[in-house]
Structures are given as structure tokens and as C-alpha cells.
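Enquirer: Sending over query11.csv (CSV, C-alpha atoms and all ligand atoms).
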```csv
chain,number,residue,atom,x,y,z
A,1018,MET,CA,0.0,0.0,0.0
A,1019,ASN,CA,1.4,3.5,-0.9
A,1020,ASP,CA,1.8,5.5,2.3
A,1021,VAL,CA,0.1,8.9,2.3
A,1022,LEU,CA,1.4,9.9,5.7
A,1023,THR,CA,4.7,8.8,7.3
A,1024,VAL,CA,5.5,10.0,10.8
A,1025,SER,CA,8.8,9.1,12.4
A,1026,GLY,CA,10.5,10.0,15.7
A,1027,LEU,CA,7.8,12.5,16.5
A,1028,THR,CA,8.4,14.1,19.9
A,1029,VAL,CA,6.3,16.9,21.3
A,1030,SER,CA,7.6,18.9,24.3
A,1031,VAL,CA,6.7,21.9,26.4
A,1032,ARG,CA,9.8,23.4,27.9
A,1033,ASP,CA,11.8,20.4,29.1
A,1034,LYS,CA,8.9,18.0,29.4
A,1035,SER,CA,8.1,15.5,26.6
A,1036,LEU,CA,4.3,15.1,26.1
A,1037,VAL,CA,4.6,12.8,23.0
A,1038,GLN,CA,7.7,10.6,22.6
A,1039,ASP,CA,9.2,9.0,19.5
A,1040,VAL,CA,5.9,8.3,17.7
A,1041,GLY,CA,6.1,6.5,14.4
A,1042,LEU,CA,3.1,5.8,12.3
A,1043,SER,CA,2.0,5.5,8.7
A,1044,VAL,CA,-1.3,5.6,6.9
A,1045,GLY,CA,-1.8,4.2,3.5
A,1046,ARG,CA,-3.9,5.6,0.6
A,1047,GLY,CA,-7.5,5.0,1.4
A,1048,GLU,CA,-6.7,3.4,4.7
A,1049,ARG,CA,-8.7,4.2,7.9
A,1050,VAL,CA,-6.6,4.2,11.0
A,1051,GLY,CA,-7.9,4.7,14.6
A,1052,LEU,CA,-5.8,6.4,17.3
A,1053,ILE,CA,-7.0,5.5,20.8
A,1054,GLY,CA,-5.8,6.0,24.4
A,1055,GLU,CA,-6.9,7.5,27.6
A,1056,SER,CA,-7.3,11.2,28.1
A,1057,GLY,CA,-3.9,12.9,28.2
A,1058,SER,CA,-2.1,10.1,26.3
A,1059,GLY,CA,-1.0,12.5,23.5
A,1060,LYS,CA,-3.5,11.8,20.7
A,1061,SER,CA,-4.5,15.4,20.0
A,1062,LEU,CA,-1.0,16.7,20.2
A,1063,THR,CA,0.1,14.1,17.7
A,1064,ALA,CA,-2.7,15.1,15.3
A,1065,LEU,CA,-2.0,18.8,15.7
A,1066,SER,CA,1.7,18.2,15.0
A,1067,LEU,CA,0.7,16.9,11.5
A,1068,ILE,CA,-0.6,20.3,10.5
A,1069,GLY,CA,1.5,22.7,12.5
A,1070,LEU,CA,-1.3,23.7,14.8
A,1071,LEU,CA,0.3,23.1,18.2
A,1072,PRO,CA,-0.1,25.7,20.9
A,1073,GLU,CA,2.6,28.4,20.9
A,1074,ASP,CA,4.8,27.0,23.8
A,1075,VAL,CA,4.7,23.5,22.5
A,1076,VAL,CA,7.4,22.3,20.1
A,1077,ALA,CA,7.5,19.2,17.8
A,1078,THR,CA,10.6,17.5,16.4
A,1079,GLY,CA,10.9,14.5,14.2
A,1080,SER,CA,9.5,14.0,10.8
A,1081,VAL,CA,6.0,14.2,9.2
A,1082,ARG,CA,6.0,13.5,5.5
A,1083,LEU,CA,3.0,13.6,3.2
A,1084,ALA,CA,3.1,11.9,-0.2
A,1085,GLY,CA,3.4,14.4,-3.0
A,1086,ILE,CA,4.7,17.2,-0.7
A,1087,GLU,CA,8.4,17.8,-1.0
A,1088,HIS,CA,9.2,19.3,2.3
A,1089,ASP,CA,8.9,17.9,5.8
A,1090,LEU,CA,5.8,19.3,7.6
A,1091,ILE,CA,7.8,19.5,10.9
A,1092,GLY,CA,9.6,22.8,10.9
A,1093,ALA,CA,7.8,24.1,7.8
A,1094,GLY,CA,6.8,27.7,7.8
A,1095,GLU,CA,3.3,29.0,8.1
A,1096,ARG,CA,3.1,29.9,4.3
A,1097,LYS,CA,3.9,26.3,3.3
A,1098,LEU,CA,1.6,24.8,6.0
A,1099,SER,CA,-1.3,26.9,5.0
A,1100,LYS,CA,-1.1,25.5,1.5
A,1101,VAL,CA,-1.3,22.0,2.9
A,1102,ARG,CA,-4.0,22.6,5.5
A,1103,GLY,CA,-7.5,22.2,4.1
A,1104,ARG,CA,-6.1,21.1,0.8
A,1105,HIS,CA,-3.9,18.0,1.3
A,1106,ILE,CA,-4.7,17.4,5.0
A,1107,ALA,CA,-8.1,18.4,6.4
A,1108,MET,CA,-9.3,18.2,9.9
A,1109,VAL,CA,-12.6,17.8,11.7
A,1110,PHE,CA,-12.5,18.7,15.4
A,1111,GLN,CA,-15.0,17.9,18.2
A,1112,GLU,CA,-16.6,21.4,18.2
A,1113,PRO,CA,-17.9,22.5,14.8
A,1114,MET,CA,-17.9,26.2,15.6
A,1115,THR,CA,-14.1,26.2,15.8
A,1116,ALA,CA,-14.0,25.5,12.1
A,1117,LEU,CA,-17.0,27.7,11.0
A,1118,ASN,CA,-17.3,31.5,10.6
A,1119,PRO,CA,-20.4,32.5,12.5
A,1120,THR,CA,-20.9,35.6,10.3
A,1121,MET,CA,-20.8,33.8,6.9
A,1122,ARG,CA,-23.4,31.7,5.1
A,1123,VAL,CA,-22.4,28.0,5.1
A,1124,GLY,CA,-22.5,27.8,1.3
A,1125,ASP,CA,-20.1,30.7,0.9
A,1126,GLN,CA,-17.7,29.1,3.5
A,1127,VAL,CA,-17.6,25.8,1.6
A,1128,ALA,CA,-17.2,27.6,-1.8
A,1129,GLU,CA,-14.4,29.8,-0.3
A,1130,ALA,CA,-12.5,26.7,0.8
A,1131,MET,CA,-12.2,25.7,-2.9
A,1132,LEU,CA,-11.5,29.2,-4.1
A,1133,ILE,CA,-8.6,29.7,-1.6
A,1134,HIS,CA,-6.9,26.5,-2.8
A,1135,ARG,CA,-7.9,27.0,-6.4
A,1136,THR,CA,-9.4,23.6,-6.8
A,1137,LYS,CA,-12.4,25.4,-8.4
A,1138,ARG,CA,-12.0,28.4,-10.6
A,1139,GLY,CA,-14.6,31.1,-10.4
A,1140,ARG,CA,-17.2,31.8,-7.9
A,1141,ARG,CA,-20.0,30.2,-9.9
A,1142,ALA,CA,-18.3,26.9,-10.2
A,1143,ALA,CA,-17.3,26.9,-6.5
A,1144,ARG,CA,-20.9,27.7,-5.4
A,1145,ALA,CA,-22.2,24.9,-7.6
A,1146,ALA,CA,-19.7,22.5,-6.1
A,1147,ALA,CA,-20.5,23.7,-2.6
A,1148,ALA,CA,-24.3,23.0,-3.1
A,1149,GLU,CA,-23.4,19.5,-4.3
A,1150,LEU,CA,-21.1,18.9,-1.3
A,1151,LEU,CA,-23.8,20.1,1.1
A,1152,ALA,CA,-26.4,17.8,-0.6
A,1153,ARG,CA,-24.0,14.9,-0.2
A,1154,VAL,CA,-24.1,15.4,3.6
A,1155,GLU,CA,-27.8,15.7,3.4
A,1156,LEU,CA,-28.0,19.4,3.9
A,1157,ASP,CA,-29.8,20.4,0.7
A,1158,GLY,CA,-31.2,23.9,0.8
A,1159,THR,CA,-28.8,25.2,3.5
A,1160,MET,CA,-26.5,27.2,1.2
A,1161,LYS,CA,-27.8,30.5,2.6
A,1162,SER,CA,-28.0,29.4,6.2
A,1163,TYR,CA,-25.8,30.9,8.9
A,1164,PRO,CA,-24.2,28.4,11.3
A,1165,HIS,CA,-26.4,29.5,14.2
A,1166,GLN,CA,-29.5,28.5,12.2
A,1167,LEU,CA,-28.3,24.9,12.1
A,1168,SER,CA,-28.3,22.2,14.8
A,1169,GLY,CA,-25.0,20.8,16.2
A,1170,GLY,CA,-25.2,17.8,14.0
A,1171,GLN,CA,-26.0,19.8,10.9
A,1172,ARG,CA,-23.0,22.1,11.7
A,1173,GLN,CA,-20.7,19.2,12.0
A,1174,ARG,CA,-22.0,17.9,8.6
A,1175,VAL,CA,-21.1,21.3,7.1
A,1176,VAL,CA,-17.6,20.9,8.6
A,1177,VAL,CA,-17.4,17.4,7.0
A,1178,ALA,CA,-18.4,19.0,3.6
A,1179,LEU,CA,-15.8,21.7,4.1
A,1180,ALA,CA,-13.1,19.2,5.1
A,1181,LEU,CA,-13.8,17.0,2.0
A,1182,ALA,CA,-14.2,20.0,-0.4
A,1183,ASN,CA,-10.7,19.8,-1.8
A,1184,ASP,CA,-10.4,16.0,-1.9
A,1185,PRO,CA,-7.7,15.8,0.8
A,1186,ALA,CA,-5.2,13.0,0.7
A,1187,LEU,CA,-5.6,12.7,4.5
A,1188,LEU,CA,-8.6,13.5,6.7
A,1189,VAL,CA,-7.8,13.8,10.4
A,1190,CYS,CA,-10.8,13.6,12.8
A,1191,ASP,CA,-10.4,14.3,16.5
A,1192,GLU,CA,-13.4,13.1,18.4
A,1193,PRO,CA,-15.7,14.4,15.7
A,1194,THR,CA,-18.9,13.0,17.2
A,1195,THR,CA,-18.2,13.2,20.9
A,1196,ALA,CA,-20.2,16.5,21.3
A,1197,LEU,CA,-23.2,15.2,19.3
A,1198,ASP,CA,-26.4,13.6,20.3
A,1199,VAL,CA,-26.1,9.8,19.9
A,1200,THR,CA,-28.9,9.8,17.3
A,1201,VAL,CA,-26.8,11.9,14.9
A,1202,GLN,CA,-23.4,10.4,15.7
A,1203,ALA,CA,-24.0,7.4,13.4
A,1204,MET,CA,-25.0,9.6,10.5
A,1205,VAL,CA,-21.9,11.8,10.8
A,1206,LEU,CA,-19.6,8.8,11.1
A,1207,ASP,CA,-21.2,7.3,8.0
A,1208,LEU,CA,-20.8,10.5,6.0
A,1209,ILE,CA,-17.1,10.7,7.0
A,1210,VAL,CA,-16.5,7.0,6.0
A,1211,ARG,CA,-18.5,7.5,2.7
A,1212,GLY,CA,-16.6,10.7,2.0
A,1213,VAL,CA,-13.1,9.3,2.4
A,1214,THR,CA,-14.0,6.1,0.6
A,1215,ALA,CA,-15.4,8.0,-2.4
A,1216,ARG,CA,-12.1,10.0,-2.7
A,1217,ASP,CA,-9.7,7.2,-1.7
A,1218,SER,CA,-8.5,9.6,1.1
A,1219,ALA,CA,-6.7,8.2,4.1
A,1220,LEU,CA,-8.4,8.7,7.5
A,1221,LEU,CA,-6.7,9.1,10.9
A,1222,PHE,CA,-9.5,8.9,13.5
A,1223,ILE,CA,-9.0,9.9,17.1
A,1224,THR,CA,-11.5,8.7,19.6
A,1225,HIS,CA,-11.9,7.2,23.0
A,1226,ASP,CA,-14.8,5.1,21.8
A,1227,LEU,CA,-13.6,1.6,20.9
A,1228,ALA,CA,-16.9,0.7,19.4
A,1229,VAL,CA,-16.5,3.6,16.9
A,1230,VAL,CA,-13.0,2.3,16.0
A,1231,ALA,CA,-14.4,-1.2,15.5
A,1232,THR,CA,-17.0,0.2,13.1
A,1233,VAL,CA,-15.0,2.8,11.2
A,1234,CYS,CA,-11.3,1.7,11.2
A,1235,GLN,CA,-9.3,-1.0,9.6
A,1236,ARG,CA,-6.2,-0.6,11.7
A,1237,VAL,CA,-5.7,0.9,15.2
A,1238,LEU,CA,-2.8,2.5,17.2
A,1239,VAL,CA,-2.9,2.6,21.0
A,1240,MET,CA,-1.3,5.5,22.8
A,1241,TYR,CA,-0.3,5.4,26.4
A,1242,GLY,CA,1.8,8.0,28.2
A,1243,GLY,CA,2.8,9.8,25.0
A,1244,ARG,CA,3.9,6.7,23.1
A,1245,VAL,CA,2.3,4.3,20.7
A,1246,VAL,CA,2.4,1.0,22.7
A,1247,GLU,CA,0.5,-1.3,20.3
A,1248,SER,CA,-0.8,-1.3,16.7
A,1249,GLY,CA,-2.3,-3.7,14.3
A,1250,PRO,CA,-5.6,-4.6,12.5
A,1251,VAL,CA,-8.6,-3.7,14.6
A,1252,GLU,CA,-9.8,-7.2,14.8
A,1253,GLU,CA,-6.5,-8.5,16.0
A,1254,VAL,CA,-5.8,-5.7,18.6
A,1255,PHE,CA,-9.4,-5.9,19.9
A,1256,THR,CA,-9.5,-9.7,20.2
A,1257,LYS,CA,-5.8,-10.5,21.1
A,1258,PRO,CA,-4.4,-7.3,22.8
A,1259,ARG,CA,-0.8,-7.8,23.6
A,1260,HIS,CA,0.0,-4.8,25.7
A,1261,ARG,CA,-1.3,-4.7,29.3
A,1262,TYR,CA,-2.7,-1.2,28.8
A,1263,THR,CA,-4.7,-2.3,25.8
A,1264,GLN,CA,-6.0,-5.3,27.7
A,1265,GLY,CA,-7.1,-2.9,30.5
A,1266,LEU,CA,-8.7,-0.5,28.0
A,1267,LEU,CA,-10.7,-3.3,26.4
A,1268,ALA,CA,-11.7,-4.7,29.8
A,1269,ALA,CA,-13.0,-1.3,30.9
A,1270,SER,CA,-14.9,-0.7,27.7
A,1271,ASP,CA,-18.3,-2.0,26.8
A,1272,LEU,CA,-16.8,-4.2,24.0
A,1273,ASP,CA,-17.7,-7.2,26.1
A,1274,SER,CA,-17.2,-10.7,24.6
A,1275,ALA,CA,-14.5,-9.2,22.5
A,1276,ASP,CA,-13.6,-12.7,21.3
A,1277,HIS,CA,-16.9,-12.7,19.4
A,1278,LEU,CA,-16.5,-9.2,18.0
A,1279,LEU,CA,-17.3,-9.1,14.4
A,1280,THR,CA,-16.9,-5.9,12.6
A,1281,THR,CA,-18.4,-5.0,9.2
A,1282,ILE,CA,-16.2,-2.2,8.0
A,1283,PRO,CA,-18.1,0.3,5.8
A,1284,GLY,CA,-16.5,0.3,2.4
A,1285,ASN,CA,-15.2,-3.2,2.8
A,1286,VAL,CA,-18.5,-4.8,2.6
A,1287,PRO,CA,-21.5,-4.5,0.3
A,1288,ALA,CA,-24.0,-1.8,1.2
A,1289,ALA,CA,-26.0,-4.4,3.0
A,1290,GLY,CA,-25.2,-7.8,4.2
A,1291,LYS,CA,-27.0,-10.8,5.7
A,1292,PHE,CA,-25.9,-12.0,9.1
A,1293,PRO,CA,-26.3,-15.6,9.9
A,1294,SER,CA,-29.1,-16.7,12.2
A,1295,GLY,CA,-28.1,-16.2,15.8
A,1296,CYS,CA,-26.2,-13.0,15.4
A,1297,VAL,CA,-26.8,-10.7,18.3
A,1298,PHE,CA,-26.4,-7.1,17.6
A,1299,ARG,CA,-24.6,-5.3,20.3
A,1300,ASN,CA,-26.8,-2.8,22.0
A,1301,ARG,CA,-24.4,0.1,21.9
A,1302,CYS,CA,-22.8,-0.1,18.6
A,1303,ALA,CA,-21.8,3.1,16.8
A,1304,PHE,CA,-24.4,2.6,14.2
A,1305,ALA,CA,-27.1,1.4,16.6
A,1306,THR,CA,-30.6,2.3,15.6
A,1307,SER,CA,-33.8,1.8,17.5
A,1308,ALA,CA,-34.5,-1.2,15.2
A,1309,CYS,CA,-31.2,-2.8,16.2
A,1310,GLU,CA,-31.8,-2.2,19.9
A,1311,ALA,CA,-35.3,-3.4,19.7
A,1312,THR,CA,-34.5,-6.4,17.8
A,1313,PRO,CA,-31.4,-7.9,19.4
A,1314,GLU,CA,-31.7,-11.2,17.5
A,1315,TRP,CA,-32.2,-9.6,14.1
A,1316,THR,CA,-31.2,-12.0,11.4
A,1317,GLY,CA,-32.4,-10.1,8.4
A,1318,THR,CA,-30.6,-7.7,6.2
A,1319,ALA,CA,-28.4,-5.4,8.1
A,1320,GLU,CA,-27.3,-1.9,7.1
A,1321,ARG,CA,-23.6,-1.6,6.6
A,1322,GLY,CA,-21.5,-0.6,9.5
A,1323,PHE,CA,-23.1,-2.7,12.2
A,1324,ALA,CA,-20.8,-4.4,14.7
A,1325,CYS,CA,-22.3,-7.5,16.0
A,1326,PHE,CA,-21.4,-10.5,18.1
A,1327,HIS,CA,-22.1,-14.0,17.1
A,1328,PRO,CA,-22.7,-16.2,20.1
A,1329,ALA,CA,-20.6,-19.0,18.5
A,1330,GLY,CA,-17.9,-16.7,17.6
A,1331,GLU,CA,-18.3,-17.4,13.9
A,1332,VAL,CA,-17.6,-14.8,11.3
A,1333,ALA,CA,-20.7,-13.8,9.5
A,1334,ASP,CA,-20.5,-14.1,5.7
A,1335,VAL,CA,-21.3,-10.6,4.7
B,1,LIG,N1,-0.2,23.7,25.8
B,1,LIG,C1,0.2,22.7,26.7
B,1,LIG,N2,1.0,22.9,27.7
B,1,LIG,C2,1.4,21.9,28.6
B,1,LIG,N3,0.9,20.7,28.5
B,1,LIG,C3,0.0,20.4,27.5
B,1,LIG,C4,-0.4,21.4,26.6
B,1,LIG,N4,-1.3,20.8,25.7
B,1,LIG,C5,-1.4,19.5,26.2
B,1,LIG,N5,-0.7,19.3,27.2
B,1,LIG,C6,-0.5,18.0,27.9
B,1,LIG,O1,-0.1,17.0,27.0
B,1,LIG,C7,-0.7,15.7,27.3
B,1,LIG,C8,-1.3,15.2,26.1
B,1,LIG,O2,-2.4,16.0,25.7
B,1,LIG,P1,-3.4,15.6,24.5
B,1,LIG,O3,-4.4,16.7,24.4
B,1,LIG,O4,-2.6,15.3,23.3
B,1,LIG,O5,-4.1,14.3,25.0
B,1,LIG,P2,-5.3,13.4,24.4
B,1,LIG,O6,-4.8,12.0,24.4
B,1,LIG,O7,-5.7,14.0,23.1
B,1,LIG,O8,-6.4,13.6,25.5
B,1,LIG,P3,-8.0,13.8,25.4
B,1,LIG,O9,-8.5,12.5,25.0
B,1,LIG,O10,-8.4,14.3,26.7
B,1,LIG,O11,-8.2,14.9,24.3
B,1,LIG,C9,-1.6,16.0,28.5
B,1,LIG,O12,-1.0,15.6,29.7
B,1,LIG,C10,-1.9,17.5,28.4
B,1,LIG,O13,-2.2,17.9,29.7
```
Starting from the file, give its structure as C-alpha cells.
Ligand SMILES: Nc1ncnc2c1ncn2[C@@H]1O[C@H](COP(=O)(O)OP(=O)(O)OP(=O)(O)O)[C@@H](O)[C@H]1O
Expert:
Amino acid sequence: MNDVLTVSGLTVSVRDKSLVQDVGLSVGRGERVGLIGESGSGKSLTALSLIGLLPEDVVATGSVRLAGIEHDLIGAGERKLSKVRGRHIAMVFQEPMTALNPTMRVGDQVAEAMLIHRTKRGRRAARAAAAELLARVELDGTMKSYPHQLSGGQRQRVVVALALANDPALLVCDEPTTALDVTVQAMVLDLIVRGVTARDSALLFITHDLAVVATVCQRVLVMYGGRVVESGPVEEVFTKPRHRYTQGLLAASDLDSADHLLTTIPGNVPAAGKFPSGCVFRNRCAFATSACEATPEWTGTAERGFACFHPAGEVADV
């Protein structure tokens, strides 16, 4: 797999104190990688280092390379970084208003993202593309709305449209659904996965929710005390964790009977799949719907993205 992002020896410090130490990671084209770990383990600082958005007193050393960009992103000046941000690497943060301008209509904001990076020439073409992007996140007719006229979930969908506007090589999401109502979390996750899949963009997804990782990601990295302590395919790490910290994280999570965890990864499976008789849908899966919760022994056609447990531990043929 061609690597889109290659991070090596990344160390983040404030004064003499190291907050992130010697992190190495890579993400392939179109690959979806989760970054998990307890609060304070260094996930956000790692993500912010990729795009030069660390707080003023915090310094990163090491190397961050993005395919197609000649210079290292660590140590690059603001001019170079601003050409990469929002064009080659886009980010979605927890709070949508940090990315939106409260005084500008959302359609204009999405159009402007393309005009700034010249991925669309001319206001008319950019506005048409913005309308299409907003329709893709199921926000038809919101071109003229201001952010305050939308709900939290709608605002985060605008941010997803903004982030995907320039077909970035890498999308970094830092807890993008944590602030949202559970009923809209699944929708936003699905839009993110569909958006990156359609563009073959790589995804680095930071969350503390292991169920979300099981549903969205193919590979996972576990951070502890500023270091990556374990990594591998999601199914392997979640069913056979090697590091004691990962074992604790799984034990403390609601991913019970992890041995029987079966993940249908959106994009890897057909839009809908049949689960064998006896599959029990986990009550709190990232894509849980009332139907799923009300019908724990659902054996019919499942929407893509469900994580389920099979009592016999068999892998469903989806
Ligand atoms: N500007 C700063 N100055 C000093 N320490 C900082 C600064 N920013 C973050 N830290 C510390 O660095 C460590 C890692 O922070 P980071 O935000 O990356 O953790 P995280 O894993 O993303 O946590 P969370 O899940 O709570 O967001 C924490 O101990 C935090 O207190």
C-alpha cells in the first residue's frame, strides 16, 4: 500500500517536558486508522503536529511526510503549511464552531475553501460544487443558512463537507462525534466514511470510543503516556491485545465478549449484508438504531456498519 502519511520520531515537548515521545506511524492511501488511548495520552498533540497547529509554547521535532509534498511538515513555515492545510490534509474537530465562521453563510464558506486552494476556478463553479457537497451530507437547501441557524449535528456535517471539499489525501478527525447527540453520531460517522471512501482519502480517526473504532477503522494504534504502545488490524488488537494497557482499555470498555466481536467495516462490505441466524447485535454499537436495539436477534438484512457478536464466535458471511 502506498503510504500517504509517514510520521517518524515525532516528539512533542513543552519546555523540558516530553508530552509525546518518539511516535512513528504511517497511513496508506484510502486506509482508515484509529488512534485510541486514555485522556492525556497525547492523541490530540500528535494530530495537531501533523498540520502545525500546536499551541505556541509546544514544540514538535521528528518528521512528518505527506506523499506528494516535497518538504517535511515539521519545521515548515506558516506559508507552506497553509497550502497543505485544508487542501492535502483536512481536519474535523470535536466542536464544529471552531471551524466555522459565524458571520458567513455556510454555502459561501464551503465555496471559499475551494477558491482559496484554487481547486475550483470562479465563484459560480465553486458555489455549484458547494451546493453538491452540502447535498452529499444531506443538507440540501442550506447554502444560505448561517451556522447558528443549524443544529449541532448539521453544523458538524457542514464541517465534514468543508473538510472534503478539496479531496484531501488525508482527513484527520479528532473526536468528531463526541459532542453530538447519539442519534446523529452514526450519521456523521457514516458521512465521514463514505466521503473518504469515495475519494480514496486516508483517515486518521482519534476517539476514546472503541466501538467507533471497531466500526470505522481497519487498523488501530494505541497510545499510552505519549507513546504508541500497540498497533495492528482492529480485529487483532481488539481480540488479542498484547499490551497490558490495551487489555485494560478493552476490559474497561463495553466491548464485552471481544472474542466474538465481528466488525463489518463500511466500504469493505456491500452496502447491505446478511448476518447468519443467531447473530446478536450489540446494544451500543456506533451505528445502533432503534431497530437494532429493539431487535437484538435480528437476522435479516443489516445496514452496513453494524458491529455484531455471534454467540458461537463465527464470522458472518457478509
Ligand atoms: N499547551 C500545553 N502545555 C502543557 N501541557 C500540555 C499542553 N497541551 C497539552 N498538554 C498535555 O499534554 C498531554 C497530552 O495531551 P493531548 O491533548 O494530546 O491528550 P489526548 O490524548 O488528546 O487527551 P484527550 O482525549 O483528553 O483529548 C496531556 O498531559 C496534556 O495535559
Enquirer: Of the residues A:Val1075, A:Val1199, A:Val1024, A:Val1123, which is the one nearest to ligand LIG 1 (chain B), using all atoms listed in the file?
Expert: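 When distances to ligand LIG 1 (chain B) are compared using all atoms listed in the file, the smallest one comes from A:Val1075.
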Enquirer: If the limit is 9 Å from any atom of ligand LIG 1 (chain B), counting only C-alpha atoms and all ligand atoms, which residues qualify? Return them as a ChimeraX atom specification.
Expert: /A:1029-1032,1034-1037,1053-1065,1071-1075,1191-1192,1223-1225,1240-1243
Enquirer: Restricting the calculation to only C-alpha atoms: of A:Gln1126, A:Thr1195, A:Arg1259, A:Leu1151, which residue gets closest to A:Val1229?
Expert: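 Of all the options, A:Thr1195 lies closest to A:Val1229.
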Enquirer: Just want the 9 Å neighbourhood of A:Ala1107, counted on only C-alpha atoms, with same-chain residues fewer than 2 positions away dropped. Output as a PyMOL selection string.
Expert: chain A and resi 1068+1101-1105+1109+1179-1181+1183-1190
Enquirer: Of the candidates A:Val1177, A:Leu1221, A:Phe1255, A:Glu1149, which shows the shortest atom-to-atom distance to A:Leu1067, using all atoms listed in the file?
Expert: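 Selected residue with least distance to A:Leu1067: A:Leu1221.
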Enquirer: Could you jot down the atom CA of A:Thr1256 to atom CA of A:Gly1212 separation for me, Å, one decimal place?
Expert: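 Going from atom CA of A:Thr1256 over to atom CA of A:Gly1212, I get 28.2 Å.
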Enquirer: Taking into account all atoms listed in the file, which residue in the set A:Pro1193, A:Gly1051, A:Gly1170, A:Gly1026 is nearest to A:Phe1110?
Expert: A:Pro1193
Enquirer: Go through A:Arg1141, A:Glu1095, A:Met1108, A:Gly1124 one by one, measure the shortest atom-to-atom distance of each to A:Gly1158 using all atoms listed in the file, and give the residue with the smallest value.
Expert: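 Result for the nearest residue to A:Gly1158: A:Gly1124.
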Enquirer: Please, what distance in Å, to one decimal, runs between atom CA of A:Ala1142 and atom CA of A:Glu1129?
Expert: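 Separating atom CA of A:Ala1142 from atom CA of A:Glu1129 is a distance of 11.0 Å.
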Enquirer: Do a neighbour search on A:Ser1162 at 6 Å with all atoms listed in the file, toss out local chain neighbours closer than 2 positions, and write the hits as a list in words.
Expert: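 Here the answer would be Arg1122, Val1123, Thr1159 and Met1160 of chain A.
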Enquirer: So, with all atoms listed in the file as the atoms that count, which of A:Val1175, A:Gly1094, A:Arg1049, A:Ile1133 lies closest to A:Ala1148?
Expert: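 Nearest to A:Ala1148: A:Val1175.
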Enquirer: Do you have the atom CA of A:Val1154-atom CA of A:Val1205 distance handy?
Expert: 8.3 Å
Enquirer: If we count all atoms listed in the file and set the cut-off at 9 Å, which residues sit around A:Thr1214, ignoring sequence neighbours fewer than 2 positions away in its own chain? Please answer as a PyMOL selection string.
Expert: chain A and resi 1047-1048+1209-1212+1216-1219+1283-1284
Enquirer: Deliver the residues from the most recent selection as a file, using C-alpha atoms, as a compact mmCIF listing (two decimals), in the frame of the given file.
Expert:
```
# COMPACT_ATOMS: atom_id res chain seq x y z
CA GLY A 1047 -7.50 5.00 1.40
CA GLU A 1048 -6.70 3.40 4.70
CA ILE A 1209 -17.10 10.70 7.00
CA VAL A 1210 -16.50 7.00 6.00
CA ARG A 1211 -18.50 7.50 2.70
CA GLY A 1212 -16.60 10.70 2.00
CA ARG A 1216 -12.10 10.00 -2.70
CA ASP A 1217 -9.70 7.20 -1.70
CA SER A 1218 -8.50 9.60 1.10
CA ALA A 1219 -6.70 8.20 4.10
CA PRO A 1283 -18.10 0.30 5.80
CA GLY A 1284 -16.50 0.30 2.40
```
Enquirer: Within 9 Å of A:Pro1164, counting only C-alpha atoms, which residues qualify if same-chain residues fewer than 2 places away don't, as a ChimeraX atom specification?
Expert: /A:1114,1117-1123,1162,1166-1168,1171-1172,1175
Enquirer: Please list as a VMD selection string every residue within 8 Å of A:Met1131, counting all atoms listed in the file and excluding residues in the same chain fewer than 3 positions away.
Expert: chain A and resid 1127 to 1128 1134 to 1137 1143 1182 to 1183
Enquirer: May I have the selected residues written with C-alpha atoms, as an mmCIF file, in the coordinates of the input?
Expert:
```cif
data_model
loop_
_atom_site.group_PDB
_atom_site.id
_atom_site.type_symbol
_atom_site.label_atom_id
_atom_site.label_comp_id
_atom_site.auth_asym_id
_atom_site.auth_seq_id
_atom_site.Cartn_x
_atom_site.Cartn_y
_atom_site.Cartn_z
ATOM 1 C CA VAL A 1127 -17.600 25.800 1.600
ATOM 2 C CA ALA A 1128 -17.200 27.600 -1.800
ATOM 3 C CA HIS A 1134 -6.900 26.500 -2.800
ATOM 4 C CA ARG A 1135 -7.900 27.000 -6.400
ATOM 5 C CA THR A 1136 -9.400 23.600 -6.800
ATOM 6 C CA LYS A 1137 -12.400 25.400 -8.400
ATOM 7 C CA ALA A 1143 -17.300 26.900 -6.500
ATOM 8 C CA ALA A 1182 -14.200 20.000 -0.400
ATOM 9 C CA ASN A 1183 -10.700 19.800 -1.800
#
```
